[in-house]
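S.K.: One structure, as structure tokens, below. Some questions next.
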Amino acid sequence: MAGGYLLILGQGPAADALRHGARAISTLRLVVETSELAVLVESELPYRPLGAAGCVLGHVFVDSAEPAAIDQFGPDQVQAIVASNGQWLIDNTWGGYLAIITPPTGGGAQVLRDPSGALPALWIRQERLTLIASSLDLALAAGLPRPSLDWPTVGQILAYPHCRGVRTGLRGVDELLPGVRACIGPDQRATTALAWSPWVFADRDRAFPDRECAASSVREAVDRSVRAWARVSAPLILELSGGLDSSIIATGLAGGDATFANFYTLAAEADERAYAREAATAAGGVLIEREVHAHQIDVRRARPGRHARPASQALLQPIEAAFTRLGRELGAAAYFTGLGGDNVFCSIATAAPATDALLTFGPGGHFLRSLADLARLHQATLWDVARLAFRKAIARRSSLGVVPVTRFLAGDVMPDLPEHPWLTAPAGVLPGKREHVASLLVAQAFLDRYEHAAQAPVRYPLLAQPVMETCLRVPSWMSIAEGRNRALARDAFGDVLPDAIKRRQTKSGLNVFMGAAFEANRATLVDQLVRGWLVTAGLADGQAIRQVLDDPAPNGLDMARLLYLADVEAWARTWGQT
């Protein structure tokens with residue numbers, strides 16, 4: 001990833017060796033150094049000192065209607081940041097940052113990662129040493145001993161592919177999760193605390209009172225995020241699929257230094273060029289179209305570099321390659337993506353929105369309208385959606401309902417749920433908001449996974465802190481109004497979106513593309529999976545895998561699952577057998 005960093009905290013031979021190794025990396029410059037702490041950054045990563053009390057790495061924006069970047073903190077701001085252990089940043093700014101605050105007496109540090117997770121933070125703890133890094137490649141180059149695979153956590157990754165917790169797939173390598181503050185003592189013992197929680201904004205007392213207020217607030221938050229990130233990212237490339245989310249981002253980039261890119265296959269289900277052209281025309285931007293082919297996919301190839309978790313999907317290899325080439329051709333400083341739009345705009349496929357209306361207003365007009373909207377959206381009967389809504393109202397769960405995917409796992413493998421501070425909802429949270437937060441948790445699983453991020457950083461403007469906070473305040477029933485998914489987002493941008501995109505309820509599919517990739521790699525998958533490391537480690541069921549690979553017409557879910565297992569297998573092999 002462009003714009004990396006290393007934070008080395010501690011004393012002793014191991015810490016000294018890492019500091020020495022880090023200083024020898026030509027792309028890094030030393031910005032903080034004390035007897036216990038060294039912070040080194042690459043030139044692309046902004047750095048703001050906090051006097052003698054540490055620094056803030058990354059991009060920080062003023063939390064106001066006009067999205068201005070903060071170049072330096074004033075004395076009063078520094079004092080407030082240090083006195084609050086970084087909480088002032090959460091409450092008064094937003095962006096993609098890591099704050100490092102040292103106590104005046106020396107020894108230890110407070111390290112805070114912003115709620116969006118825009119800046120990666122891998123956390124390695126050893127005796128008398130703490131290392132926090134943007135990437136393992138930088139940490140290994142500085143002299144970190146090569147970690148080994150943690151097979152139990154690899155099993156957890158297989159079972160919970162969309163729930164990313166503290167532990168990674170490597171022993172001794174954790175992640176400082178978004179919105180979490182690590183309190184590291186002089187002895188390098190550490191505790192963590194949640195500095196930002198989605199549940200604060202999902203509380204029913206914070207909900208917007210009407211659709212007009214909600215729509216204008218969502219519009220303002222998204223526009224602010226897009227404009228702010230665009231100002232520090234030009235020239236940029238937006239992946240414009242022609243769907244609602246990327247088209248909304250395109251409207252905010254109108255008139256700026258942005259190029260739009262659409263990747264398509266000749267299969268009709270994955271060719272959205274007509275929609276992308278409409279969105280590009282409405283935004284007044286240039287659209288570049290590139291065809292991608294399934295025969296370019298090699299399931300044996302992992303994402304280049306060293307990564308703590310399985311990264312880019314093999315299915316996306318042709319798009320990754322095309323994106324990287326285009327970025328080099330255009331000299332792109334960043335890539336924009338609409339990833340997270342479904343999640344933040346509350347596209348949930350259950351009866352929860354109607355249940356929320358029932359629990360909020362009772363069995364009256366609001367509830368009946370939400371039932372009608374839900375039935376229209378899912379083309380179901382009123383009786384069916386009412387039955388499901390009442391069932392959810394009675395259940396009243398506190399957990400997010402994250403369930404494991406056990407297909408092709410060995411029979412005795414049942415990993416624990418990943419550790420994440422969002423997984424239990426406070427009392428009184430509505431079912432729809434619980435599912436909304438669970439959906440945001442899914443979006444986090446895709447951060448820093450893209451291969452083209454090595455060429456330029458990938459921006460997720462729809463996952464910015466103000467956007468998440470605003471959208472969490474939107475009652476879930478507003479998101480299915482008139483039988484439309486993400487209805488509130490459609491209303492918020494209705495005056496700038498092309499009618500075809502505003503009305504569109506379908507998404508492109510990759511089923512044909514996936515099927516072609518599966519067939520092209522079927523023989524390879526036998527060696528990759530049936531005789532692979534996951535089977536040898538006792539995590540995957542080789543016999544069940546072989547049965548599907550021998551099936552001339554496997555179903556789409558099995559193909560997708562095996563391709564995911566192949567991604568994990570390819571990543572595991574980059575670390576060598578352990």
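Residues are referred to by chain and number: the chain letter is A, B, ... according to the order shown in the structure tokens, the number counts from 1 in that chain, and ligands are numbered separately from 1 in the order shown.
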Where does DSSP see helix (DSSP H, G or I) in region 360-447 of chain A, if you list the residues as a PyMOL selection string?

M.R.: chain A and resi 360-361+365-378+382-395+431-444

S.K.: Would you export the selected residues with N, CA and C atoms as a short mmCIF file (atom, residue, chain, number, x, y, z; two decimals), in the first residue's frame, please?

M.R.:
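Dumped everything to selection06.cif:
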```
data_model
loop_
_atom_site.label_atom_id
_atom_site.label_comp_id
_atom_site.auth_asym_id
_atom_site.auth_seq_id
_atom_site.Cartn_x
_atom_site.Cartn_y
_atom_site.Cartn_z
N THR A 360 -41.73 0.40 17.06
CA THR A 360 -41.66 1.84 17.28
C THR A 360 -43.05 2.47 17.36
N PHE A 361 -43.93 2.08 16.45
CA PHE A 361 -45.23 2.75 16.35
C PHE A 361 -46.42 1.87 16.77
N GLY A 365 -50.81 2.46 11.24
CA GLY A 365 -50.55 2.84 9.85
C GLY A 365 -49.10 2.72 9.42
N HIS A 366 -48.16 3.14 10.29
CA HIS A 366 -46.75 3.04 9.93
C HIS A 366 -46.36 1.59 9.66
N PHE A 367 -46.81 0.71 10.53
CA PHE A 367 -46.48 -0.70 10.39
C PHE A 367 -47.09 -1.27 9.11
N LEU A 368 -48.34 -0.93 8.83
CA LEU A 368 -49.00 -1.46 7.63
C LEU A 368 -48.31 -0.96 6.36
N ARG A 369 -47.89 0.31 6.36
CA ARG A 369 -47.17 0.83 5.18
C ARG A 369 -45.85 0.11 4.99
N SER A 370 -45.15 -0.15 6.10
CA SER A 370 -43.87 -0.86 5.98
C SER A 370 -44.08 -2.29 5.49
N LEU A 371 -45.16 -2.93 5.91
CA LEU A 371 -45.46 -4.27 5.41
C LEU A 371 -45.71 -4.24 3.90
N ALA A 372 -46.47 -3.24 3.45
CA ALA A 372 -46.74 -3.12 2.02
C ALA A 372 -45.46 -2.87 1.24
N ASP A 373 -44.58 -2.01 1.77
CA ASP A 373 -43.29 -1.74 1.12
C ASP A 373 -42.45 -3.00 1.04
N LEU A 374 -42.44 -3.75 2.14
CA LEU A 374 -41.63 -4.97 2.21
C LEU A 374 -42.16 -6.01 1.23
N ALA A 375 -43.47 -6.17 1.18
CA ALA A 375 -44.06 -7.14 0.26
C ALA A 375 -43.77 -6.78 -1.19
N ARG A 376 -43.83 -5.48 -1.50
CA ARG A 376 -43.55 -5.03 -2.87
C ARG A 376 -42.08 -5.26 -3.21
N LEU A 377 -41.19 -4.96 -2.28
CA LEU A 377 -39.76 -5.11 -2.52
C LEU A 377 -39.40 -6.56 -2.81
N HIS A 378 -39.96 -7.48 -2.05
CA HIS A 378 -39.58 -8.89 -2.16
C HIS A 378 -40.59 -9.72 -2.94
N LEU A 382 -48.58 -10.03 1.78
CA LEU A 382 -48.63 -9.31 3.05
C LEU A 382 -48.62 -10.28 4.22
N TRP A 383 -49.32 -11.40 4.05
CA TRP A 383 -49.35 -12.39 5.12
C TRP A 383 -47.95 -12.93 5.43
N ASP A 384 -47.19 -13.24 4.39
CA ASP A 384 -45.85 -13.79 4.60
C ASP A 384 -44.94 -12.79 5.30
N VAL A 385 -44.92 -11.54 4.84
CA VAL A 385 -44.01 -10.57 5.45
C VAL A 385 -44.47 -10.21 6.86
N ALA A 386 -45.79 -10.19 7.10
CA ALA A 386 -46.28 -9.91 8.45
C ALA A 386 -45.86 -11.01 9.42
N ARG A 387 -45.98 -12.27 8.98
CA ARG A 387 -45.58 -13.39 9.83
C ARG A 387 -44.10 -13.29 10.20
N LEU A 388 -43.25 -12.96 9.22
CA LEU A 388 -41.81 -12.85 9.48
C LEU A 388 -41.50 -11.66 10.38
N ALA A 389 -42.23 -10.56 10.18
CA ALA A 389 -42.00 -9.37 11.00
C ALA A 389 -42.36 -9.64 12.46
N PHE A 390 -43.49 -10.31 12.71
CA PHE A 390 -43.88 -10.62 14.08
C PHE A 390 -42.90 -11.61 14.71
N ARG A 391 -42.41 -12.55 13.92
CA ARG A 391 -41.45 -13.51 14.45
C ARG A 391 -40.18 -12.80 14.93
N LYS A 392 -39.71 -11.83 14.16
CA LYS A 392 -38.52 -11.07 14.57
C LYS A 392 -38.81 -10.25 15.83
N ALA A 393 -40.02 -9.71 15.93
CA ALA A 393 -40.36 -8.90 17.10
C ALA A 393 -40.32 -9.73 18.38
N ILE A 394 -40.71 -10.99 18.27
CA ILE A 394 -40.74 -11.87 19.44
C ILE A 394 -39.33 -12.33 19.82
N ALA A 395 -38.46 -12.52 18.81
CA ALA A 395 -37.13 -13.09 19.06
C ALA A 395 -36.28 -12.21 19.97
N PRO A 431 -34.26 -4.54 15.78
CA PRO A 431 -33.69 -5.61 14.94
C PRO A 431 -33.08 -5.10 13.63
N GLY A 432 -33.72 -4.14 12.99
CA GLY A 432 -33.19 -3.61 11.73
C GLY A 432 -31.85 -2.92 11.92
N LYS A 433 -31.70 -2.21 13.04
CA LYS A 433 -30.42 -1.55 13.31
C LYS A 433 -29.35 -2.58 13.65
N ARG A 434 -29.76 -3.67 14.31
CA ARG A 434 -28.80 -4.74 14.59
C ARG A 434 -28.28 -5.33 13.29
N GLU A 435 -29.18 -5.54 12.33
CA GLU A 435 -28.76 -6.09 11.04
C GLU A 435 -27.97 -5.05 10.23
N HIS A 436 -28.29 -3.78 10.42
CA HIS A 436 -27.54 -2.71 9.74
C HIS A 436 -26.09 -2.71 10.20
N VAL A 437 -25.88 -2.79 11.51
CA VAL A 437 -24.51 -2.83 12.05
C VAL A 437 -23.80 -4.10 11.60
N ALA A 438 -24.51 -5.23 11.57
CA ALA A 438 -23.90 -6.47 11.08
C ALA A 438 -23.45 -6.32 9.64
N SER A 439 -24.21 -5.59 8.85
CA SER A 439 -23.84 -5.36 7.45
C SER A 439 -22.59 -4.49 7.35
N LEU A 440 -22.45 -3.50 8.22
CA LEU A 440 -21.23 -2.69 8.24
C LEU A 440 -20.02 -3.54 8.63
N LEU A 441 -20.24 -4.50 9.50
CA LEU A 441 -19.16 -5.42 9.88
C LEU A 441 -18.70 -6.23 8.67
N VAL A 442 -19.63 -6.61 7.81
CA VAL A 442 -19.27 -7.31 6.57
C VAL A 442 -18.41 -6.42 5.69
N ALA A 443 -18.75 -5.13 5.58
CA ALA A 443 -17.97 -4.22 4.74
C ALA A 443 -16.53 -4.11 5.22
N GLN A 444 -16.33 -4.14 6.54
CA GLN A 444 -14.97 -4.06 7.08
C GLN A 444 -14.09 -5.20 6.59
#
```

S.K.: Using only C-alpha atoms, which residues of region 376-439 of chain A come within 10 Å of region 166-170 of chain A, and what is the closest atom pair for each, with the distance in Å to one decimal? Give it as CSV, sorted by chain and residue number.

M.R.:
```
residue,atom,partner,partner_atom,distance
A:Pro418,CA,A:Val166,CA,7.2
A:Glu419,CA,A:Val166,CA,5.7
A:His420,CA,A:Val166,CA,6.4
A:Pro421,CA,A:Val166,CA,9.3
```

S.K.: Just to confirm, what's the straight-line distance from CA of Leu447 (chain A) to CA of Ala118 (chain A) in Å (one decimal)?

M.R.: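 CA of Ala118 (chain A) lies at a distance of 7.5 Å from CA of Leu447 (chain A).
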
S.K.: Might you pull out every residue within 9 Å of Leu40 (chain A), with only C-alpha atoms counted and same-chain residues fewer than 3 positions away left off, and present them as a list in words?

M.R.: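 The residues satisfying every condition are Gly4, Tyr5, Leu6, Leu7, Ile8, Ala22, Arg23, Leu28, Arg29, Leu30, Val31, Val32 and Glu33 of chain A.
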
S.K.: Take the residues that were just selected and, keeping N, CA and C atoms, output them as a PDB file, in the first residue's frame.

M.R.:
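Final output, saved to part03.pdb:
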```pdb
ATOM      1  N   GLY A   4       2.812   4.014   3.666  1.00  0.00           N
ATOM      2  CA  GLY A   4       2.859   3.125   4.814  1.00  0.00           C
ATOM      3  C   GLY A   4       3.577   3.740   5.994  1.00  0.00           C
ATOM      4  N   TYR A   5       3.597   2.978   7.108  1.00  0.00           N
ATOM      5  CA  TYR A   5       4.235   3.470   8.330  1.00  0.00           C
ATOM      6  C   TYR A   5       4.654   2.296   9.198  1.00  0.00           C
ATOM      7  N   LEU A   6       5.561   2.574  10.134  1.00  0.00           N
ATOM      8  CA  LEU A   6       5.934   1.648  11.196  1.00  0.00           C
ATOM      9  C   LEU A   6       5.970   2.403  12.508  1.00  0.00           C
ATOM     10  N   LEU A   7       5.393   1.804  13.543  1.00  0.00           N
ATOM     11  CA  LEU A   7       5.458   2.341  14.904  1.00  0.00           C
ATOM     12  C   LEU A   7       6.150   1.282  15.755  1.00  0.00           C
ATOM     13  N   ILE A   8       7.291   1.622  16.335  1.00  0.00           N
ATOM     14  CA  ILE A   8       8.076   0.679  17.131  1.00  0.00           C
ATOM     15  C   ILE A   8       8.156   1.228  18.549  1.00  0.00           C
ATOM     16  N   ALA A  22      14.436  -0.475  10.308  1.00  0.00           N
ATOM     17  CA  ALA A  22      13.471   0.453   9.727  1.00  0.00           C
ATOM     18  C   ALA A  22      14.161   1.689   9.152  1.00  0.00           C
ATOM     19  N   ARG A  23      15.167   2.181   9.854  1.00  0.00           N
ATOM     20  CA  ARG A  23      15.891   3.372   9.364  1.00  0.00           C
ATOM     21  C   ARG A  23      16.622   3.082   8.054  1.00  0.00           C
ATOM     22  N   LEU A  28      11.230   5.116   3.946  1.00  0.00           N
ATOM     23  CA  LEU A  28      10.727   5.589   5.229  1.00  0.00           C
ATOM     24  C   LEU A  28      11.551   6.763   5.749  1.00  0.00           C
ATOM     25  N   ARG A  29      10.877   7.699   6.421  1.00  0.00           N
ATOM     26  CA  ARG A  29      11.571   8.774   7.127  1.00  0.00           C
ATOM     27  C   ARG A  29      11.136   8.764   8.583  1.00  0.00           C
ATOM     28  N   LEU A  30      12.071   9.067   9.461  1.00  0.00           N
ATOM     29  CA  LEU A  30      11.826   9.056  10.892  1.00  0.00           C
ATOM     30  C   LEU A  30      11.166  10.378  11.290  1.00  0.00           C
ATOM     31  N   VAL A  31       9.965  10.307  11.892  1.00  0.00           N
ATOM     32  CA  VAL A  31       9.255  11.539  12.274  1.00  0.00           C
ATOM     33  C   VAL A  31       9.141  11.694  13.782  1.00  0.00           C
ATOM     34  N   VAL A  32       9.248  10.598  14.540  1.00  0.00           N
ATOM     35  CA  VAL A  32       9.241  10.661  15.995  1.00  0.00           C
ATOM     36  C   VAL A  32      10.292   9.699  16.507  1.00  0.00           C
ATOM     37  N   GLU A  33      11.106  10.163  17.449  1.00  0.00           N
ATOM     38  CA  GLU A  33      12.078   9.260  18.066  1.00  0.00           C
ATOM     39  C   GLU A  33      12.318   9.681  19.504  1.00  0.00           C
TER      40      GLU A  33
END
```

S.K.: So which residues touch region 143-151 of chain A within 8 Å, counting only C-alpha atoms, skipping near sequence neighbours fewer than 3 positions away, as a list of chain:residue names?

M.R.: A:Ala17, A:Leu18, A:Gly21, A:Ala22, A:Ala139, A:Leu140, A:Val154, A:Gly155, A:Gly169, A:Leu170, A:Arg171, A:Gly172, A:Val173, A:Ala537, A:Ala572, A:Trp575, A:Thr578

S.K.: The selected residues should be written to file as a JSON list (two decimals), in the first residue's frame (atoms: N, CA and C atoms).

M.R.:
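As written to disk, selection_3.json reads:
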```json
[["chain", "number", "residue", "atom", "x", "y", "z"],
["A", 17, "ALA", "N", 16.95, -3.53, 17.23],
["A", 17, "ALA", "CA", 17.20, -4.12, 15.91],
["A", 17, "ALA", "C", 16.14, -3.67, 14.90],
["A", 18, "LEU", "N", 14.89, -3.61, 15.33],
["A", 18, "LEU", "CA", 13.83, -3.17, 14.42],
["A", 18, "LEU", "C", 14.00, -1.70, 14.05],
["A", 21, "GLY", "N", 16.75, -1.54, 11.51],
["A", 21, "GLY", "CA", 16.29, -2.04, 10.22],
["A", 21, "GLY", "C", 15.33, -1.10, 9.53],
["A", 22, "ALA", "N", 14.44, -0.48, 10.31],
["A", 22, "ALA", "CA", 13.47, 0.45, 9.73],
["A", 22, "ALA", "C", 14.16, 1.69, 9.15],
["A", 139, "ALA", "N", 7.16, -4.33, 7.81],
["A", 139, "ALA", "CA", 7.64, -4.90, 9.06],
["A", 139, "ALA", "C", 8.72, -5.95, 8.83],
["A", 140, "LEU", "N", 8.54, -6.80, 7.82],
["A", 140, "LEU", "CA", 9.54, -7.82, 7.52],
["A", 140, "LEU", "C", 10.81, -7.18, 6.98],
["A", 154, "VAL", "N", -6.97, -19.69, 10.87],
["A", 154, "VAL", "CA", -7.26, -19.91, 9.45],
["A", 154, "VAL", "C", -8.61, -20.62, 9.33],
["A", 155, "GLY", "N", -8.87, -21.59, 10.21],
["A", 155, "GLY", "CA", -10.18, -22.25, 10.22],
["A", 155, "GLY", "C", -11.30, -21.26, 10.51],
["A", 169, "GLY", "N", -4.57, -14.50, 10.39],
["A", 169, "GLY", "CA", -4.22, -15.89, 10.15],
["A", 169, "GLY", "C", -2.78, -16.22, 10.48],
["A", 170, "LEU", "N", -2.08, -15.31, 11.18],
["A", 170, "LEU", "CA", -0.68, -15.52, 11.53],
["A", 170, "LEU", "C", -0.49, -15.42, 13.04],
["A", 171, "ARG", "N", 0.35, -16.27, 13.58],
["A", 171, "ARG", "CA", 0.63, -16.25, 15.01],
["A", 171, "ARG", "C", 1.29, -14.94, 15.41],
["A", 172, "GLY", "N", 0.75, -14.34, 16.44],
["A", 172, "GLY", "CA", 1.36, -13.12, 16.97],
["A", 172, "GLY", "C", 1.05, -11.86, 16.19],
["A", 173, "VAL", "N", 0.22, -11.95, 15.17],
["A", 173, "VAL", "CA", -0.14, -10.76, 14.38],
["A", 173, "VAL", "C", -1.64, -10.52, 14.55],
["A", 537, "ALA", "N", -4.02, -29.85, 6.88],
["A", 537, "ALA", "CA", -4.11, -29.28, 8.23],
["A", 537, "ALA", "C", -5.38, -29.71, 8.96],
["A", 572, "ALA", "N", -2.18, -19.05, 2.04],
["A", 572, "ALA", "CA", -1.45, -19.84, 3.04],
["A", 572, "ALA", "C", -0.11, -20.30, 2.50],
["A", 575, "TRP", "N", 3.21, -18.36, 2.86],
["A", 575, "TRP", "CA", 3.92, -18.33, 4.14],
["A", 575, "TRP", "C", 4.72, -19.60, 4.38],
["A", 578, "THR", "N", 4.10, -24.81, 7.84],
["A", 578, "THR", "CA", 4.50, -24.67, 9.25],
["A", 578, "THR", "C", 3.79, -25.71, 10.08]]
```

S.K.: Find, counting only C-alpha atoms, the residue in A:Pro235, A:Gly538, A:Cys55, A:Trp88 that gets nearest to Val413 (chain A).

M.R.: A:Gly538
